[in-house]
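Text of upload32.txt, listed as compact mmCIF, C-alpha atoms:
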# COMPACT_ATOMS: atom_id res chain seq x y z
CA MET A 209 159.89 118.67 61.24
CA LYS A 210 157.01 121.07 61.89
CA ALA A 211 154.49 118.22 61.87
CA TYR A 212 156.69 116.31 64.35
CA LYS A 213 156.68 119.27 66.80
CA ILE A 214 152.90 119.63 66.54
CA GLU A 215 152.49 115.92 67.27
CA ASN A 216 154.67 116.20 70.40
CA ILE A 217 152.70 119.24 71.60
CA VAL A 218 149.41 117.36 71.15
CA LYS A 219 150.75 114.33 73.07
CA THR A 220 151.99 116.57 75.88
CA LEU A 221 148.59 118.29 76.16
CA LEU A 222 146.81 114.92 76.27
CA VAL A 223 149.08 113.70 79.08
CA LEU A 224 148.49 116.90 81.07
CA LEU A 225 144.73 116.58 80.51
CA LEU A 226 144.73 112.99 81.76
CA LEU A 227 146.73 113.96 84.82
CA ALA A 228 144.26 116.77 85.55
CA TYR A 229 141.32 114.35 85.35
CA ALA A 230 143.13 111.85 87.57
CA GLY A 231 143.77 114.51 90.16
CA ALA A 232 140.14 115.61 90.07
CA GLY A 233 139.01 112.01 90.51
CA PHE A 234 140.96 111.59 93.76
CA HIS A 235 139.87 114.94 95.15
CA GLY A 236 137.90 114.39 98.35
CA TYR A 237 138.67 110.66 98.44
CA GLU A 238 139.47 109.14 101.81
CA ASP A 239 141.09 105.79 102.56
CA ILE A 240 138.74 103.10 103.82
CA GLU A 241 140.22 103.20 107.33
CA LYS A 242 139.38 106.91 107.50
CA ARG A 243 135.66 106.46 106.74
CA PHE A 244 132.54 105.56 108.73
CA PHE A 245 129.94 103.72 106.63
CA VAL A 246 126.36 104.89 107.18
CA VAL A 247 124.09 101.83 106.79
CA SER A 248 120.72 103.46 107.55
CA MET A 249 119.30 106.89 108.15
CA GLY A 250 116.17 108.07 109.92
CA ILE A 251 114.24 111.34 110.03
CA ASP A 252 111.89 112.17 112.92
CA GLU A 253 110.11 115.29 114.02
CA GLY A 254 112.58 117.58 115.74
CA LYS A 255 112.60 118.53 119.38
CA ASN A 256 112.99 121.92 121.07
CA GLY A 257 111.36 123.76 118.17
CA TYR A 258 113.49 122.20 115.41
CA LYS A 259 111.89 120.78 112.29
CA TYR A 260 113.84 117.51 112.05
CA GLU A 261 115.77 115.05 114.13
CA VAL A 262 118.31 113.25 111.93
CA ILE A 263 119.50 109.81 113.05
CA LEU A 264 122.48 108.06 111.43
CA LYS A 265 123.41 104.43 112.07
CA LEU A 266 127.11 103.76 111.50
CA ALA A 267 128.59 100.28 111.16
CA LEU A 268 131.65 99.91 113.38
CA PRO A 269 134.60 98.07 111.80
CA GLN A 270 135.59 94.73 113.35
CA ALA A 271 139.17 93.61 113.95
CA ASP A 272 138.15 90.00 113.33
CA PRO A 273 135.80 89.62 110.32
CA LYS A 274 134.86 86.08 111.45
CA ALA A 275 133.47 87.37 114.74
CA ALA A 276 130.46 88.93 112.95
CA LYS A 277 129.46 91.15 115.86
CA ASN A 278 126.52 93.47 115.35
CA GLU A 279 128.18 96.64 116.59
CA TYR A 280 127.08 100.10 115.50
CA LEU A 281 126.99 103.73 116.55
CA ILE A 282 123.86 105.93 116.57
CA LEU A 283 124.28 109.67 115.95
CA LYS A 284 121.43 112.16 116.44
CA LYS A 285 121.05 115.85 115.68
CA ASP A 286 118.13 118.30 115.69
CA SER A 287 118.04 120.89 112.94
CA ASP A 288 115.75 122.79 110.59
CA ALA A 289 117.56 121.31 107.56
CA ILE A 290 118.72 117.72 106.99
CA GLY A 291 121.92 118.83 105.26
CA THR A 292 122.86 121.07 108.18
CA ALA A 293 122.26 118.23 110.64
CA VAL A 294 124.49 115.86 108.65
CA ALA A 295 127.25 118.47 108.52
CA SER A 296 127.00 118.92 112.30
CA LEU A 297 127.10 115.15 112.91
CA LYS A 298 130.49 115.02 111.17
CA THR A 299 131.91 116.94 114.14
CA GLN A 300 130.96 114.07 116.49
CA VAL A 301 133.24 111.48 114.84
CA ASP A 302 136.87 111.34 113.74
CA LYS A 303 136.26 109.90 110.27
CA GLU A 304 134.45 110.96 107.10
CA LEU A 305 130.81 109.83 106.81
CA ASP A 306 130.32 107.62 103.74
CA PHE A 307 126.74 107.23 102.46
CA GLY A 308 127.66 104.93 99.58
CA HIS A 309 126.49 101.80 101.46
CA MET A 310 123.32 103.30 102.94
CA LYS A 311 120.34 101.26 101.71
CA MET A 312 117.66 102.02 104.33
CA ILE A 313 115.77 105.25 104.91
CA PHE A 314 113.24 105.54 107.76
CA ILE A 315 110.66 108.32 108.08
CA GLY A 316 109.10 108.61 111.55
CA GLU A 317 105.35 107.99 111.50
CA SER A 318 104.35 111.42 112.85
CA LEU A 319 106.56 113.14 110.25
CA ALA A 320 105.30 110.86 107.46
CA LYS A 321 101.76 112.14 108.01
CA LYS A 322 102.89 115.63 106.96
CA GLU A 323 103.96 116.99 103.57
CA LEU A 324 106.69 114.66 102.30
CA LYS A 325 108.47 116.70 99.64
CA PRO A 326 110.55 118.89 102.02
CA THR A 327 111.64 115.80 103.96
CA LEU A 328 112.59 113.70 100.93
CA ASP A 329 114.12 116.46 98.82
CA TRP A 330 117.59 116.00 100.37
CA PHE A 331 117.56 112.28 99.50
CA PHE A 332 116.40 112.92 95.94
CA ARG A 333 119.17 115.46 95.26
CA ARG A 334 122.13 113.98 97.15
CA ARG A 335 124.38 112.26 94.61
CA ASP A 336 125.98 109.76 97.02
CA ILE A 337 122.61 108.37 98.17
CA GLN A 338 121.79 105.14 96.33
CA LYS A 339 118.60 105.54 94.32
CA ILE A 340 117.83 101.89 95.05
CA ALA A 341 117.74 102.59 98.80
CA PHE A 342 114.64 101.25 100.55
CA VAL A 343 112.14 103.66 102.14
CA ALA A 344 109.89 102.78 105.09
CA VAL A 345 107.70 104.48 107.67
CA ALA A 346 108.99 103.82 111.21
CA ARG A 347 106.54 103.13 114.05
CA PRO A 348 106.66 104.62 116.62
CA ASP A 349 109.63 106.62 115.27
CA ALA A 350 112.83 106.26 113.28
CA ALA A 351 115.11 106.47 116.33
CA THR A 352 113.44 103.45 117.99
CA VAL A 353 113.36 101.32 114.85
CA GLN A 354 116.99 102.01 113.97
CA ASP A 355 118.14 100.96 117.43
CA ILE A 356 116.48 97.52 117.22
CA LYS A 357 119.13 94.83 117.60
CA PRO A 358 117.64 91.40 116.79
CA SER A 359 119.52 88.44 118.19
CA PHE A 360 119.73 86.88 114.72
CA GLU A 361 121.28 89.96 113.08
CA LYS A 362 125.06 89.76 112.61
CA ILE A 363 125.61 92.93 110.55
CA PRO A 364 123.99 96.32 111.37
CA SER A 365 120.69 96.83 109.45
CA ASN A 366 121.29 93.68 107.40
CA SER A 367 117.91 92.25 108.46
CA TYR A 368 116.15 95.10 106.65
CA PHE A 369 118.30 94.64 103.55
CA LEU A 370 117.38 90.93 103.40
CA ALA A 371 113.67 91.50 104.08
CA PHE A 372 113.16 94.29 101.53
CA GLY A 373 115.63 92.98 98.97
CA ASP A 374 113.91 89.57 98.57
CA GLU A 375 117.21 87.92 99.46
CA GLY A 376 115.99 86.50 102.78
CA THR A 377 112.38 86.10 103.80
CA GLU A 378 109.62 86.09 101.16
CA SER A 379 106.23 87.33 102.28
CA PRO A 380 103.24 88.96 100.53
CA TYR A 381 102.92 91.25 103.54
CA ILE A 382 106.28 92.92 102.94
CA ILE A 383 105.99 95.79 100.46
CA THR A 384 109.23 97.15 98.98
CA GLU A 385 109.55 100.79 97.94
CA TYR A 386 112.73 102.27 96.48
CA ILE A 387 113.63 105.95 96.72
CA PHE A 388 113.71 106.36 92.91
CA ASP A 389 110.27 104.76 92.54
CA LEU A 390 108.89 106.84 95.41
CA HIS A 391 110.02 110.00 93.61
CA ARG A 392 108.40 108.84 90.36
CA ARG A 393 105.09 107.89 91.93
CA LEU A 394 104.86 111.04 94.04
CA HIS A 395 105.29 113.25 90.98
CA GLU A 396 103.35 111.13 88.46
CA ARG A 397 99.65 111.91 88.23
CA GLY A 398 97.45 108.83 88.42
CA ILE A 399 99.44 106.56 90.75
CA ASP A 400 100.26 106.80 94.46
CA PRO A 401 103.17 105.02 96.21
CA VAL A 402 102.75 102.42 98.93
CA VAL A 403 105.41 102.53 101.65
CA PRO A 404 105.91 99.72 104.19
CA ILE A 405 105.57 100.27 107.92
CA VAL A 406 108.36 98.89 110.11
CA GLU A 407 106.99 98.52 113.63
CA SER A 408 109.09 98.03 116.72
CA THR A 409 108.02 95.00 118.80
CA GLU A 410 110.29 94.91 121.86
CA LYS A 411 113.67 93.67 120.53
CA ARG A 412 112.38 92.77 117.07
CA PHE A 413 110.48 94.37 114.23
CA ASP A 414 107.30 93.59 112.30
CA ILE A 415 106.72 94.43 108.62
CA SER A 416 103.13 93.53 107.74
CA ARG A 417 101.42 96.88 107.21
CA ALA A 418 101.81 99.73 104.75
CA TYR A 419 100.79 103.32 104.07
CA VAL A 420 99.44 104.72 100.82
CA VAL A 421 101.13 108.12 100.64
CA THR A 422 100.68 111.29 98.63
CA MET A 423 102.57 114.57 98.54
CA LYS A 424 100.50 115.61 101.57
CA GLY A 425 101.77 112.64 103.58
CA ALA A 426 100.53 109.22 104.66
CA ALA A 427 96.91 109.08 103.55
CA LEU A 428 95.69 105.53 104.22
CA GLU A 429 96.96 102.61 106.31
CA LEU A 430 96.65 99.07 104.97
CA GLY A 431 96.32 96.18 107.41
CA PRO A 432 98.16 92.87 106.93
CA GLN A 433 95.35 91.26 104.91
CA GLU A 434 94.99 94.32 102.65
CA THR A 435 98.76 94.56 102.18
CA GLY A 436 98.90 90.93 101.10
CA MET A 437 96.00 91.35 98.70
CA PHE A 438 97.56 94.48 97.23
CA SER A 439 100.81 92.55 96.63
CA MET A 440 98.84 89.86 94.81
CA LEU A 441 97.11 92.40 92.58
CA LEU A 442 100.38 94.07 91.61
CA HIS A 443 102.15 90.73 90.99
CA ARG A 444 104.56 91.50 93.82
CA ALA A 445 103.63 88.25 95.59
CA GLU A 446 104.38 84.93 93.92
CA ARG A 447 102.84 82.95 96.76
CA ALA A 448 100.39 83.62 99.57
CA THR A 449 98.52 81.83 102.35
CA LEU A 450 94.77 82.37 102.67
CA SER A 451 92.68 81.39 105.69
CA VAL A 452 88.92 80.88 105.39
CA ILE A 453 86.36 80.49 108.18
CA GLN A 454 83.28 78.60 107.01
CA GLU A 455 80.76 77.94 109.76
CA GLU A 456 82.64 75.59 112.15
CA ASN A 457 85.35 74.66 109.65
CA VAL A 458 88.56 76.67 109.46
CA PHE A 459 90.87 75.82 106.58
CA THR A 460 93.95 77.29 104.94
CA VAL A 461 95.06 77.19 101.32
CA ASN A 462 98.50 77.95 99.95
CA ALA A 463 98.41 79.94 96.70
CA ASP A 464 101.22 78.51 94.56
CA GLU A 465 100.55 80.56 91.43
CA ILE A 466 98.75 83.91 91.25
CA GLN A 467 97.61 85.39 87.94
CA LEU A 468 95.53 88.52 88.47
CA LYS A 469 94.86 91.51 86.25
CA TYR A 470 92.37 94.34 85.91
CA LYS A 471 90.92 96.34 83.06
CA LEU A 472 89.30 99.76 82.97
CA GLN A 473 86.09 100.16 80.96
CA THR A 474 85.04 103.72 80.23
CA SER A 475 82.27 103.07 77.69
CA GLY A 476 78.89 103.35 79.34
CA LYS A 477 79.10 103.16 83.11
CA PRO A 478 82.85 103.35 83.96
CA ARG A 479 84.06 100.32 85.89
CA VAL A 480 87.15 98.37 86.88
CA ILE A 481 86.99 94.60 86.43
CA VAL A 482 89.48 92.37 88.24
CA THR A 483 89.92 88.88 86.79
CA GLY A 484 92.36 86.01 87.07
CA LYS A 485 92.99 82.69 88.72
CA VAL A 486 94.78 81.38 91.77
CA LEU A 487 96.27 77.88 91.66
CA SER A 488 96.46 76.57 95.21
CA THR A 489 96.83 73.60 97.54
CA LEU A 490 94.83 72.82 100.64
CA GLU A 491 97.26 73.32 103.50
CA SER A 492 95.16 72.58 106.58
CA SER A 493 91.56 71.96 107.60
CA SER A 494 89.74 71.37 110.86
CA GLU A 495 87.61 68.75 109.05
CA SER A 496 88.45 65.77 106.90
CA VAL A 497 88.51 66.68 103.20
CA GLU A 498 87.92 64.30 100.31
CA PRO A 499 89.20 65.16 96.78
CA LYS A 500 85.63 65.17 95.45
CA GLU A 501 84.77 67.98 97.92
CA LEU A 502 87.42 70.40 96.61
CA GLY A 503 84.84 72.32 94.56
CA LYS A 504 83.05 73.41 97.75
CA TYR A 505 86.29 74.73 99.20
CA GLU A 506 87.17 76.48 95.95
CA ARG A 507 83.90 78.43 96.02
CA ALA A 508 84.46 79.44 99.66
CA VAL A 509 87.95 80.80 98.90
CA GLU A 510 86.71 82.56 95.75
CA LYS A 511 83.95 84.27 97.72
CA GLN A 512 86.38 85.56 100.35
CA ILE A 513 89.03 86.75 97.87
CA ASN A 514 86.53 88.60 95.68
CA GLU A 515 84.92 90.27 98.70
CA GLU A 516 88.31 91.39 100.04
CA VAL A 517 89.40 92.77 96.65
CA LEU A 518 86.20 94.78 96.26
CA ALA A 519 86.42 96.11 99.83
CA MET A 520 90.03 97.21 99.28
CA LEU A 521 89.29 98.96 95.97
CA LYS A 522 86.34 100.83 97.52
CA LYS A 523 88.56 101.81 100.45
CA PHE A 524 91.07 103.33 98.02
CA GLN A 525 88.25 105.16 96.25
CA ALA A 526 86.80 106.55 99.49
CA ALA A 527 90.22 107.88 100.53
CA SER A 528 90.84 109.39 97.05
CA VAL A 529 94.07 107.44 96.57
CA ASP A 530 95.09 105.27 93.63
CA PRO A 531 98.00 102.92 94.42
CA LEU A 532 97.03 100.54 91.61
CA GLY A 533 97.65 103.24 89.00
CA ILE A 534 94.18 103.10 87.43
CA GLY A 535 94.37 106.84 86.72
CA LEU A 536 97.74 106.40 85.03
CA ARG A 537 96.26 103.71 82.80
CA TYR A 538 93.39 106.08 81.93
CA ARG A 539 95.87 108.81 80.98
CA ALA A 540 97.87 106.33 78.88
CA THR A 541 94.80 105.32 76.86
CA HIS A 542 93.24 108.78 76.43
CA PHE A 543 94.98 111.58 74.58
CA ASN A 544 93.07 114.72 75.50
CA ASN A 545 96.06 116.19 77.32
CA ALA A 546 94.26 119.41 78.21
CA THR A 547 91.26 117.75 79.84
CA GLU A 548 92.08 114.09 80.59
CA TRP A 549 93.24 114.65 84.15
CA ASP A 550 90.16 116.64 85.14
CA GLU A 551 88.00 114.00 83.46
CA TRP A 552 89.66 111.29 85.52
CA LEU A 553 89.26 113.22 88.78
CA ASN A 554 85.53 113.46 88.08
CA MET A 555 85.30 109.82 87.00
CA TYR A 556 87.18 108.11 89.86
CA PRO A 557 84.57 108.73 92.60
CA GLN A 558 81.89 107.30 90.25
CA LEU A 559 83.77 104.11 89.32
CA GLU A 560 82.14 100.76 89.95
CA PHE A 561 84.20 97.66 90.74
CA GLU A 562 83.76 94.02 89.83
CA SER A 563 85.89 91.04 90.82
CA ASP A 564 85.82 87.62 89.17
CA ILE A 565 88.80 85.69 90.52
CA ARG A 566 88.76 81.91 90.12
CA VAL A 567 90.44 79.58 92.61
CA ILE A 568 91.65 76.15 91.58
CA LEU A 569 92.50 73.70 94.37
CA GLU A 570 94.82 71.22 92.72
CA THR A 571 95.31 68.80 95.63
CA THR A 572 94.31 68.21 99.24
CA GLY A 573 97.98 68.16 100.22
CA VAL A 574 100.61 65.47 100.52
CA VAL A 575 98.65 63.36 103.02
CA GLU A 576 95.07 62.60 101.98
Step by step, read the file and then write its structure as structure tokens.
Amino acid sequence: MKAYKIENIVKTLLVLLLLAYAGAGFHGYEDIEKRFFVVSMGIDEGKNGYKYEVILKLALPQADPKAAKNEYLILKKDSDAIGTAVASLKTQVDKELDFGHMKMIFIGESLAKKELKPTLDWFFRRRDIQKIAFVAVARPDAATVQDIKPSFEKIPSNSYFLAFGDEGTESPYIITEYIFDLHRRLHERGIDPVVPIVESTEKRFDISRAYVVTMKGAALELGPQETGMFSMLLHRAERATLSVIQEENVFTVNADEIQLKYKLQTSGKPRVIVTGKVLSTLESSSESVEPKELGKYERAVEKQINEEVLAMLKKFQAASVDPLGIGLRYRATHFNNATEWDEWLNMYPQLEFESDIRVILETTGVVE
């Protein structure tokens, strides 16, 4: 009988415990019709002496889902703290702000050139911010870029989700940076993050440039050609188009398969050697091309690619940035924890670079 009573007490306690957890789980939960979904968020330099201007883009619910109207609401607030601005913005709407669907974070260009940690700290710590949210630098500012309404966009900010998520357009010029990876690269010694630039062009946007950033802010801008080459080196681009000007002939090749790698040699004179091959097809030419002449075109493309790779690596070195993670590879292969970082800082400015990339033109195209 005593054992039976103890068993009933235990069962009762378990039921009460489950009920307590269930109640805690629903605490703070709002029905879907009582929530505004934030789809993107921007941070600019504040006005009137404030540190930040916080911009939220809210998707407005549609009565008819088939209508697919791109309707949204922009909220703005100046404040010295991002959290305070968000709390104040809640007073401008009648529903709870839900950040669970926010996948796009814009940092205004002028703010991105300053120390990044205070700006990004709120995003790193906030638990309802997706850690797979995309991060981009907005040109001229986050407010302008967030208010772009392309004619082809049916859902607010969906164009950015498709472009950065590799679900829509595929381009070597579009660099993707996630908030979790940005945090890792900013705090990891030996590798610097590369953040895309979203530029406003009238009623559309352009994503073909990028910034190499450090804790101190945006350190080096990469043009379209450098951004594409960087994507190829990091295996982020599966295909690319390369244009070559050779005397009076202008021709274009389509890189169908890219296999590039680099190795760091520290014995003797320290150097970085880039090797690999690019399998490609001749896409266009201002002159007639015979199959037996492909070798000449291969050498011209090889010369241009190798020159561009070397110029980009030297540009990184001159700006004291390391987006390829060469320093991280040095740390991973050397185990003098007390001195390895100082050794690398002294070595990096002295590094020499070599590039030996081979180009193979497989065909002259469909029509010969």
**Study point:** Surrounding residues of Met312 (chain A) excluding itself and chain neighbours under 2 positions, 7 Å, all atoms listed in the file, as a list in words
**Key:** Val247, Ser248, Met249, Met310, Phe314, Ala341, Phe342 and Val343 of chain A
Would you put the residues from that selection into a file with C-alpha atoms, as a PDB file, in the coordinates of the input?
ATOM      1  CA  VAL A 247     124.090 101.830 106.790  1.00  0.00           C
ATOM      2  CA  SER A 248     120.720 103.460 107.550  1.00  0.00           C
ATOM      3  CA  MET A 249     119.300 106.890 108.150  1.00  0.00           C
ATOM      4  CA  MET A 310     123.320 103.300 102.940  1.00  0.00           C
ATOM      5  CA  PHE A 314     113.240 105.540 107.760  1.00  0.00           C
ATOM      6  CA  ALA A 341     117.740 102.590  98.800  1.00  0.00           C
ATOM      7  CA  PHE A 342     114.640 101.250 100.550  1.00  0.00           C
ATOM      8  CA  VAL A 343     112.140 103.660 102.140  1.00  0.00           C
TER       9      VAL A 343
END
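For the set A:Ile565, A:Ala293, A:Leu428, A:Ile382, the residue with the smallest atom-to-atom gap to Met520 (chain A) is A:Leu428, counting all atoms listed in the file.
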Show me, as lines of an AutoDock Vina configuration file, the centre and edge lengths in Å to one decimal of the axis-aligned box that covers every listed atom of region 427-431 of chain A with 8 Å on each side.
center_x = 96.3
center_y = 102.6
center_z = 105.5
size_x = 17.3
size_y = 28.9
size_z = 19.9
7 Å contact set for Arg447 (chain A), all atoms listed in the file, chain neighbours under 2 positions out, as a PDB file with C-alpha atoms, keeping the file's coordinate frame:
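Once written, out37.pdb looks like this:
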ATOM      1  CA  ALA A 445     103.630  88.250  95.590  1.00  0.00           C
ATOM      2  CA  ALA A 463      98.410  79.940  96.700  1.00  0.00           C
ATOM      3  CA  ASP A 464     101.220  78.510  94.560  1.00  0.00           C
ATOM      4  CA  GLU A 465     100.550  80.560  91.430  1.00  0.00           C
ATOM      5  CA  ILE A 466      98.750  83.910  91.250  1.00  0.00           C
TER       6      ILE A 466
END
Practice item. Could you jot down the CA of Ala426 (chain A) to CA of Ala320 (chain A) separation for me, Å, one decimal place? Key: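 Going from CA of Ala426 (chain A) over to CA of Ala320 (chain A) covers 5.8 Å.
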Check your understanding: Between A:Asp550, A:Glu304, A:Asp389, A:Glu279, which is the closest to Arg243 (chain A) once you count only C-alpha atoms?
Key ->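 When distances to Arg243 (chain A) are compared using only C-alpha atoms, the smallest one comes from A:Glu304.
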Exercise for review: Find the residue from A:Leu536, A:Ile356, A:Val486, A:Ile513 that sits nearest to Asn278 (chain A); use all atoms listed in the file when measuring.
Suggested key: A:Ile356
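Nearest residue to Thr449 (chain A) among A:Glu410, A:Glu378, A:Glu385, A:Glu501 is A:Glu378, counting only C-alpha atoms.
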Each residue of region 432-505 of chain A with at least one atom at most 12 Å from region 390-404 of chain A should appear once, together with its nearest atom pair and the corresponding distance in Å (one decimal); atoms considered: only C-alpha atoms; ordering: chain, then increasing residue number; output as a Markdown table.
| residue | atom | partner | partner_atom | distance |
| --- | --- | --- | --- | --- |
| A:Pro432 | CA | A:Pro404 | CA | 10.7 |
| A:Glu434 | CA | A:Val402 | CA | 11.8 |
| A:Thr435 | CA | A:Pro404 | CA | 9.0 |
| A:Gly436 | CA | A:Pro404 | CA | 11.7 |
| A:Phe438 | CA | A:Val402 | CA | 9.6 |
| A:Ser439 | CA | A:Val402 | CA | 10.3 |
| A:Leu442 | CA | A:Val402 | CA | 11.4 |
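Going from CA of Leu518 (chain A) over to CA of Tyr538 (chain A), you cover 19.6 Å.
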Check your understanding: To one decimal place, how far is CA of Thr460 (chain A) from CA of Ser416 (chain A) in Å?
Key -> 18.9 Å
Point to revise | Expected residue set, 9 Å radius at (103.2, 120.4, 105.1), all atoms listed in the file, as a ChimeraX atom specification | key: /A:321-326,423-425
Give me, as a PDB file with C-alpha atoms, keeping the file's coordinate frame, all polymer residues having an atom no more than 9 Å from Arg412 (chain A), counting all atoms listed in the file and skipping those fewer than 6 positions away in the same chain.
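So selection-v9.pdb came out as:
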ATOM      1  CA  VAL A 353     113.360 101.320 114.850  1.00  0.00           C
ATOM      2  CA  ILE A 356     116.480  97.520 117.220  1.00  0.00           C
ATOM      3  CA  LYS A 357     119.130  94.830 117.600  1.00  0.00           C
ATOM      4  CA  PRO A 358     117.640  91.400 116.790  1.00  0.00           C
ATOM      5  CA  SER A 359     119.520  88.440 118.190  1.00  0.00           C
TER       6      SER A 359
END
Exercise for review: Considering all atoms listed in the file, state which residue in the set A:Trp549, A:Phe413, A:Tyr280, A:Phe332 is at the smallest distance from Tyr386 (chain A).
Suggested key: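 Among the listed residues, A:Phe332 lies closest to Tyr386 (chain A).
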Can we get region 360-373 of chain A of that structure written down with N, CA, C and O atoms, as a CSV table (one decimal), in the first residue's frame?
chain,number,residue,atom,x,y,z
A,360,PHE,N,10.2,43.0,-60.4
A,360,PHE,CA,10.1,41.5,-60.5
A,360,PHE,C,9.9,40.9,-59.1
A,360,PHE,O,9.8,39.7,-59.0
A,361,GLU,N,10.0,41.7,-58.0
A,361,GLU,CA,9.9,41.1,-56.7
A,361,GLU,C,8.4,41.1,-56.2
A,361,GLU,O,7.7,42.1,-56.2
A,362,LYS,N,8.0,39.9,-55.8
A,362,LYS,CA,6.6,39.7,-55.4
A,362,LYS,C,6.4,39.6,-53.9
A,362,LYS,O,5.4,39.8,-53.4
A,363,ILE,N,7.5,39.3,-53.2
A,363,ILE,CA,7.5,39.2,-51.7
A,363,ILE,C,8.6,40.1,-51.2
A,363,ILE,O,9.7,40.1,-51.7
A,364,PRO,N,8.4,40.9,-50.1
A,364,PRO,CA,9.4,41.9,-49.6
A,364,PRO,C,10.7,41.2,-49.3
A,364,PRO,O,10.7,40.2,-48.6
A,365,SER,N,11.8,41.7,-49.8
A,365,SER,CA,13.2,41.3,-49.6
A,365,SER,C,13.5,39.9,-50.2
A,365,SER,O,14.6,39.4,-50.0
A,366,ASN,N,12.5,39.3,-50.9
A,366,ASN,CA,12.8,37.9,-51.4
A,366,ASN,C,13.9,37.9,-52.5
A,366,ASN,O,14.5,36.9,-52.6
A,367,SER,N,14.1,39.0,-53.2
A,367,SER,CA,15.1,39.1,-54.2
A,367,SER,C,16.5,38.8,-53.5
A,367,SER,O,17.4,38.2,-54.1
A,368,TYR,N,16.7,39.4,-52.4
A,368,TYR,CA,18.0,39.2,-51.7
A,368,TYR,C,18.1,37.8,-51.2
A,368,TYR,O,19.2,37.2,-51.2
A,369,PHE,N,17.0,37.2,-50.7
A,369,PHE,CA,17.1,35.8,-50.2
A,369,PHE,C,17.5,34.9,-51.4
A,369,PHE,O,18.3,34.0,-51.2
A,370,LEU,N,16.9,35.1,-52.5
A,370,LEU,CA,17.2,34.3,-53.7
A,370,LEU,C,18.7,34.5,-54.2
A,370,LEU,O,19.4,33.5,-54.5
A,371,ALA,N,19.1,35.7,-54.2
A,371,ALA,CA,20.5,36.0,-54.7
A,371,ALA,C,21.5,35.5,-53.8
A,371,ALA,O,22.5,34.8,-54.3
A,372,PHE,N,21.4,35.7,-52.5
A,372,PHE,CA,22.4,35.2,-51.6
A,372,PHE,C,22.3,33.8,-51.2
A,372,PHE,O,23.2,33.1,-50.7
A,373,GLY,N,21.1,33.2,-51.3
A,373,GLY,CA,20.9,31.8,-50.9
A,373,GLY,C,21.1,30.8,-52.0
A,373,GLY,O,20.8,29.6,-51.9
